[in-house]
>>> print(open('model_34.txt').read())   # compact mmCIF, C-alpha atoms
# COMPACT_ATOMS: atom_id res chain seq x y z
CA MET C 1 118.63 88.03 153.21
CA VAL C 2 121.25 90.67 154.05
CA ALA C 3 123.64 88.03 155.39
CA LYS C 4 123.29 86.00 152.19
CA ALA C 5 123.97 89.09 150.07
CA LYS C 6 127.01 89.90 152.22
CA GLU C 7 128.33 86.36 151.74
CA GLU C 8 127.85 86.59 147.98
CA ILE C 9 129.75 89.90 147.86
CA GLU C 10 132.62 88.41 149.87
CA GLN C 11 132.65 85.40 147.54
CA GLU C 12 132.81 87.68 144.50
CA ILE C 13 135.79 89.53 146.01
CA VAL C 14 137.61 86.25 146.64
CA ASP C 15 136.83 85.07 143.09
CA LYS C 16 138.18 88.30 141.62
CA GLU C 17 141.41 87.96 143.59
CA GLU C 18 141.84 84.35 142.40
CA GLU C 19 141.18 85.40 138.81
CA LYS C 20 143.75 88.19 139.11
CA GLU C 21 146.38 85.78 140.50
CA ARG C 22 145.69 83.26 137.72
CA TYR C 23 145.94 85.95 135.04
CA LEU C 24 149.22 87.28 136.42
CA THR C 25 150.77 83.79 136.57
CA GLU C 26 149.81 83.24 132.92
CA ARG C 27 150.98 86.63 131.64
CA ALA C 28 153.98 87.28 133.88
CA PRO C 29 155.79 84.08 134.88
CA ALA C 30 158.15 84.19 137.86
CA LEU C 31 161.71 85.34 137.06
CA GLN C 32 164.62 82.98 137.63
CA THR C 33 167.46 85.28 138.67
CA GLY C 34 169.40 82.84 140.84
CA GLY C 35 172.12 81.77 138.35
CA MET C 36 172.46 85.03 136.39
CA SER C 37 175.50 87.25 136.27
CA PHE C 38 175.46 90.99 136.89
CA ALA C 39 175.47 91.79 133.13
CA GLU C 40 172.57 89.38 132.48
CA LEU C 41 170.54 90.98 135.29
CA GLN C 42 171.17 94.43 133.79
CA GLU C 43 170.02 93.18 130.39
CA LEU C 44 166.89 91.64 131.95
CA CYS C 45 166.14 94.95 133.70
CA ARG C 46 166.49 96.83 130.37
CA GLU C 47 164.06 94.40 128.66
CA LEU C 48 161.54 94.75 131.48
CA HIS C 49 161.95 98.53 131.42
CA ALA C 50 161.28 98.59 127.66
CA LYS C 51 158.14 96.45 128.13
CA VAL C 52 156.92 98.77 130.90
CA ASP C 53 157.47 101.79 128.63
CA VAL C 54 155.44 100.17 125.83
CA VAL C 55 152.60 99.38 128.24
CA ASP C 56 152.68 102.94 129.66
CA GLU C 57 152.51 104.42 126.15
CA GLU C 58 149.49 102.25 125.30
CA ARG C 59 147.81 103.19 128.59
CA TYR C 60 148.45 106.90 127.92
CA ASP C 61 147.04 106.62 124.38
CA ILE C 62 143.93 104.86 125.63
CA GLU C 63 143.43 107.42 128.40
CA ALA C 64 143.79 110.25 125.86
CA LYS C 65 141.15 108.64 123.63
CA VAL C 66 138.80 108.18 126.58
CA MET C 67 139.24 111.81 127.66
CA HIS C 68 138.62 112.99 124.10
CA ASN C 69 135.50 110.87 123.79
CA THR C 70 134.09 112.00 127.16
CA ARG C 71 134.72 115.64 126.23
CA GLU C 72 132.98 115.10 122.89
CA ILE C 73 130.02 113.41 124.60
CA LYS C 74 129.68 116.34 127.01
CA ASP C 75 129.79 118.84 124.13
CA LEU C 76 127.14 116.91 122.21
CA ASN C 77 124.92 116.71 125.29
CA ILE C 78 125.21 120.48 125.72
CA LYS C 79 124.30 120.99 122.05
CA VAL C 80 121.28 118.72 122.40
CA LEU C 81 120.07 120.63 125.46
CA ASP C 82 120.55 123.94 123.66
CA LEU C 83 118.59 122.71 120.67
CA ARG C 84 115.75 121.52 122.90
CA ARG C 85 115.42 124.96 124.44
CA LYS C 86 115.59 126.87 121.14
CA PHE C 87 113.13 124.73 119.25
CA LYS C 88 109.62 126.12 119.27
CA ARG C 89 106.77 123.85 118.38
CA PRO C 90 104.56 125.26 115.66
CA ASN C 91 100.88 125.82 116.26
CA LEU C 92 98.98 122.84 114.93
CA ARG C 93 95.99 123.38 112.71
CA ARG C 94 92.96 121.14 112.62
CA VAL C 95 92.58 119.43 109.28
CA ARG C 96 89.22 118.17 108.13
CA VAL C 97 89.40 114.91 106.26
CA SER C 98 86.42 112.87 105.20
CA ALA C 99 86.09 109.19 106.00
CA ASP C 100 86.42 108.34 102.31
CA ALA C 101 89.71 110.24 102.08
CA ILE C 102 91.06 108.42 105.16
CA LEU C 103 90.08 105.03 103.72
CA ARG C 104 91.61 105.95 100.36
CA SER C 105 94.88 106.94 102.04
CA LEU C 106 94.93 103.76 104.15
CA LEU C 107 93.80 101.29 101.49
CA GLY C 108 95.25 103.00 98.44
CA SER C 109 93.56 104.33 95.35
CA LYS C 110 92.87 100.83 93.97
CA HIS C 111 90.11 100.11 96.47
CA LYS C 112 86.85 101.91 95.96
CA VAL C 113 85.27 101.99 99.40
CA SER C 114 82.69 104.53 100.35
CA MET C 115 81.36 104.74 103.81
CA ASP C 116 78.36 106.85 104.65
CA LEU C 117 78.63 107.50 108.35
CA ARG C 118 75.42 109.54 108.44
CA ALA C 119 73.35 106.57 107.30
CA ASN C 120 73.96 104.81 110.60
CA LEU C 121 72.76 107.75 112.69
CA LYS C 122 69.37 107.76 114.38
CA SER C 123 66.86 110.13 112.89
CA VAL C 124 65.24 112.51 115.37
CA LYS C 125 62.13 114.50 114.64
CA LYS C 126 62.38 118.15 115.58
CA GLU C 127 58.72 118.36 116.59
CA ASP C 128 59.24 115.83 119.43
CA THR C 129 62.07 117.80 120.94
CA GLU C 130 60.09 121.03 120.82
CA LYS C 131 57.18 119.42 122.66
CA GLU C 132 59.49 118.15 125.40
CA LYS C 133 60.91 121.61 125.94
CA THR C 134 57.51 123.27 126.37
CA VAL C 135 56.29 120.78 128.97
CA GLU C 136 56.32 123.11 131.92
CA VAL C 137 58.59 126.04 132.52
CA SER C 138 57.65 127.81 135.70
CA ASP C 139 59.32 130.34 137.89
CA TRP C 140 61.00 128.56 140.78
CA ARG C 141 60.77 131.60 143.02
CA LYS C 142 56.99 131.34 143.28
CA ASN C 143 57.03 128.03 145.12
CA VAL C 144 60.06 128.52 147.40
CA GLU C 145 58.04 129.21 150.54
CA ALA C 146 55.35 126.68 149.69
CA MET C 147 57.90 123.89 149.12
CA SER C 148 60.13 124.68 152.10
CA GLY C 149 60.20 122.45 155.17
CA MET C 150 58.67 119.00 155.60
CA GLU C 151 55.31 120.00 154.13
CA GLY C 152 56.97 120.87 150.83
CA ARG C 153 58.77 117.56 150.74
CA LYS C 154 55.50 115.78 151.45
CA LYS C 155 53.83 117.61 148.56
CA MET C 156 56.68 116.63 146.23
CA PHE C 157 56.44 113.01 147.41
CA ASP C 158 52.70 112.93 146.89
CA ALA C 159 53.02 114.56 143.46
CA ALA C 160 55.57 111.96 142.39
CA LYS C 161 53.41 109.17 143.75
CA GLY C 162 50.37 110.41 141.89
CA THR C 163 48.00 110.51 144.87
CA PRO C 164 46.72 114.04 145.60
CA GLN C 165 45.63 114.94 149.13
>>> encode(input="model_34.txt", output="structure tokens")
Amino acid sequence: MVAKAKEEIEQEIVDKEEEKERYLTERAPALQTGGMSFAELQELCRELHAKVDVVDEERYDIEAKVMHNTREIKDLNIKVLDLRRKFKRPNLRRVRVSADAILRSLLGSKHKVSMDLRANLKSVKKEDTEKEKTVEVSDWRKNVEAMSGMEGRKKMFDAAKGTPQ
């Protein structure tokens, strides 16, 4: 796996070099200086020097723009961080909204939908719950010694089984 990745990286490097060579041969053809006089060579050097100056000016302008943009990005990031620290979240209050109001806001005022949530609830009689509470409330401290050890567990087992001894 590592060897294959290494081969792919080497292949990418070779491809980049070939691409660079191809680009340079297209953009900058080889100079034919064999049959030129001294004055023609000087003129060719001046032309090349002028082209290099133009390219350097463009490069400098682009670098200046990049520096300006990176500085602006850093300043904006600092402002964002400062705003995050200064902003305090307000305390949220609980708002009570009925189911009808929620449906009206979701569906619009055209739809008349009423939903009685309490109708679906189970009705519980209060008398039943009071009887369950008064079943047997005893003081647990009375039976601590009687229920301790294996004899106490046997009594609890027998009581649960329903067979008194």
>>> atom_distance(input="model_34.txt", atom1="atom CA of C:Lys65", atom2="atom CA of C:Lys16")
27.3 Å
>>> atom_distance(input="model_34.txt", atom1="atom CA of C:Ala64", atom2="atom CA of C:Asn77")
20.0 Å
>>> atom_distance(input="model_34.txt", atom1="atom CA of C:Glu47", atom2="atom CA of C:Gln32")
14.5 Å
>>> axis_aligned_box(input="model_34.txt", around="stretch 63-72 of chain C", padding_each_side="8 Å", output="JSON")
{"center_x": 138.4, "center_y": 111.5, "center_z": 125.6, "size_x": 26.8, "size_y": 24.2, "size_z": 21.5}
>>> decode(input="model_34.txt", residues="stretch 82-101 of chain C", atoms="N, CA, C and O atoms", output="PDB file, in the first residue's frame")
ATOM      1  N   ASP C  82     -13.978  38.775  18.469  1.00  0.00           N
ATOM      2  CA  ASP C  82     -14.337  39.772  19.479  1.00  0.00           C
ATOM      3  C   ASP C  82     -15.845  39.852  19.668  1.00  0.00           C
ATOM      4  O   ASP C  82     -16.342  39.962  20.789  1.00  0.00           O
ATOM      5  N   LEU C  83     -16.584  39.791  18.569  1.00  0.00           N
ATOM      6  CA  LEU C  83     -18.039  39.849  18.673  1.00  0.00           C
ATOM      7  C   LEU C  83     -18.596  38.621  19.386  1.00  0.00           C
ATOM      8  O   LEU C  83     -19.571  38.709  20.122  1.00  0.00           O
ATOM      9  N   ARG C  84     -17.984  37.470  19.167  1.00  0.00           N
ATOM     10  CA  ARG C  84     -18.465  36.256  19.841  1.00  0.00           C
ATOM     11  C   ARG C  84     -18.294  36.377  21.341  1.00  0.00           C
ATOM     12  O   ARG C  84     -19.123  35.926  22.117  1.00  0.00           O
ATOM     13  N   ARG C  85     -17.205  36.980  21.774  1.00  0.00           N
ATOM     14  CA  ARG C  85     -16.962  37.098  23.209  1.00  0.00           C
ATOM     15  C   ARG C  85     -17.865  38.145  23.855  1.00  0.00           C
ATOM     16  O   ARG C  85     -18.276  37.985  24.977  1.00  0.00           O
ATOM     17  N   LYS C  86     -18.166  39.224  23.144  1.00  0.00           N
ATOM     18  CA  LYS C  86     -18.951  40.313  23.718  1.00  0.00           C
ATOM     19  C   LYS C  86     -20.436  40.012  23.750  1.00  0.00           C
ATOM     20  O   LYS C  86     -21.163  40.557  24.557  1.00  0.00           O
ATOM     21  N   PHE C  87     -20.896  39.172  22.862  1.00  0.00           N
ATOM     22  CA  PHE C  87     -22.326  38.919  22.760  1.00  0.00           C
ATOM     23  C   PHE C  87     -22.793  38.058  23.926  1.00  0.00           C
ATOM     24  O   PHE C  87     -22.254  36.991  24.169  1.00  0.00           O
ATOM     25  N   LYS C  88     -23.792  38.560  24.629  1.00  0.00           N
ATOM     26  CA  LYS C  88     -24.372  37.790  25.723  1.00  0.00           C
ATOM     27  C   LYS C  88     -25.740  37.299  25.278  1.00  0.00           C
ATOM     28  O   LYS C  88     -26.550  38.061  24.756  1.00  0.00           O
ATOM     29  N   ARG C  89     -25.987  36.058  25.520  1.00  0.00           N
ATOM     30  CA  ARG C  89     -27.284  35.504  25.145  1.00  0.00           C
ATOM     31  C   ARG C  89     -28.320  35.930  26.171  1.00  0.00           C
ATOM     32  O   ARG C  89     -28.090  35.823  27.372  1.00  0.00           O
ATOM     33  N   PRO C  90     -29.457  36.378  25.710  1.00  0.00           N
ATOM     34  CA  PRO C  90     -30.492  36.795  26.667  1.00  0.00           C
ATOM     35  C   PRO C  90     -31.127  35.581  27.333  1.00  0.00           C
ATOM     36  O   PRO C  90     -31.116  34.469  26.798  1.00  0.00           O
ATOM     37  N   ASN C  91     -31.666  35.816  28.522  1.00  0.00           N
ATOM     38  CA  ASN C  91     -32.371  34.746  29.221  1.00  0.00           C
ATOM     39  C   ASN C  91     -33.663  34.464  28.470  1.00  0.00           C
ATOM     40  O   ASN C  91     -34.436  35.381  28.169  1.00  0.00           O
ATOM     41  N   LEU C  92     -33.905  33.211  28.181  1.00  0.00           N
ATOM     42  CA  LEU C  92     -35.100  32.830  27.448  1.00  0.00           C
ATOM     43  C   LEU C  92     -36.242  32.618  28.419  1.00  0.00           C
ATOM     44  O   LEU C  92     -36.064  32.093  29.518  1.00  0.00           O
ATOM     45  N   ARG C  93     -37.422  33.058  27.993  1.00  0.00           N
ATOM     46  CA  ARG C  93     -38.606  32.885  28.826  1.00  0.00           C
ATOM     47  C   ARG C  93     -39.486  31.812  28.205  1.00  0.00           C
ATOM     48  O   ARG C  93     -39.586  31.693  26.997  1.00  0.00           O
ATOM     49  N   ARG C  94     -40.133  31.057  29.072  1.00  0.00           N
ATOM     50  CA  ARG C  94     -41.043  30.017  28.592  1.00  0.00           C
ATOM     51  C   ARG C  94     -42.356  30.682  28.173  1.00  0.00           C
ATOM     52  O   ARG C  94     -42.916  31.489  28.898  1.00  0.00           O
ATOM     53  N   VAL C  95     -42.810  30.325  27.003  1.00  0.00           N
ATOM     54  CA  VAL C  95     -44.041  30.899  26.474  1.00  0.00           C
ATOM     55  C   VAL C  95     -45.076  29.790  26.398  1.00  0.00           C
ATOM     56  O   VAL C  95     -44.819  28.730  25.839  1.00  0.00           O
ATOM     57  N   ARG C  96     -46.229  30.069  26.964  1.00  0.00           N
ATOM     58  CA  ARG C  96     -47.300  29.067  26.909  1.00  0.00           C
ATOM     59  C   ARG C  96     -48.183  29.345  25.701  1.00  0.00           C
ATOM     60  O   ARG C  96     -48.723  30.432  25.546  1.00  0.00           O
ATOM     61  N   VAL C  97     -48.305  28.333  24.857  1.00  0.00           N
ATOM     62  CA  VAL C  97     -49.116  28.453  23.667  1.00  0.00           C
ATOM     63  C   VAL C  97     -50.014  27.231  23.612  1.00  0.00           C
ATOM     64  O   VAL C  97     -49.549  26.101  23.793  1.00  0.00           O
ATOM     65  N   SER C  98     -51.270  27.450  23.353  1.00  0.00           N
ATOM     66  CA  SER C  98     -52.200  26.326  23.286  1.00  0.00           C
ATOM     67  C   SER C  98     -52.016  25.575  21.979  1.00  0.00           C
ATOM     68  O   SER C  98     -51.423  26.081  21.018  1.00  0.00           O
ATOM     69  N   ALA C  99     -52.545  24.373  21.943  1.00  0.00           N
ATOM     70  CA  ALA C  99     -52.451  23.558  20.736  1.00  0.00           C
ATOM     71  C   ALA C  99     -53.202  24.206  19.584  1.00  0.00           C
ATOM     72  O   ALA C  99     -52.761  24.157  18.424  1.00  0.00           O
ATOM     73  N   ASP C 100     -54.337  24.845  19.889  1.00  0.00           N
ATOM     74  CA  ASP C 100     -55.095  25.523  18.840  1.00  0.00           C
ATOM     75  C   ASP C 100     -54.292  26.664  18.229  1.00  0.00           C
ATOM     76  O   ASP C 100     -54.296  26.875  17.016  1.00  0.00           O
ATOM     77  N   ALA C 101     -53.584  27.413  19.073  1.00  0.00           N
ATOM     78  CA  ALA C 101     -52.778  28.528  18.568  1.00  0.00           C
ATOM     79  C   ALA C 101     -51.633  28.019  17.700  1.00  0.00           C
ATOM     80  O   ALA C 101     -51.311  28.623  16.666  1.00  0.00           O
TER      81      ALA C 101
END
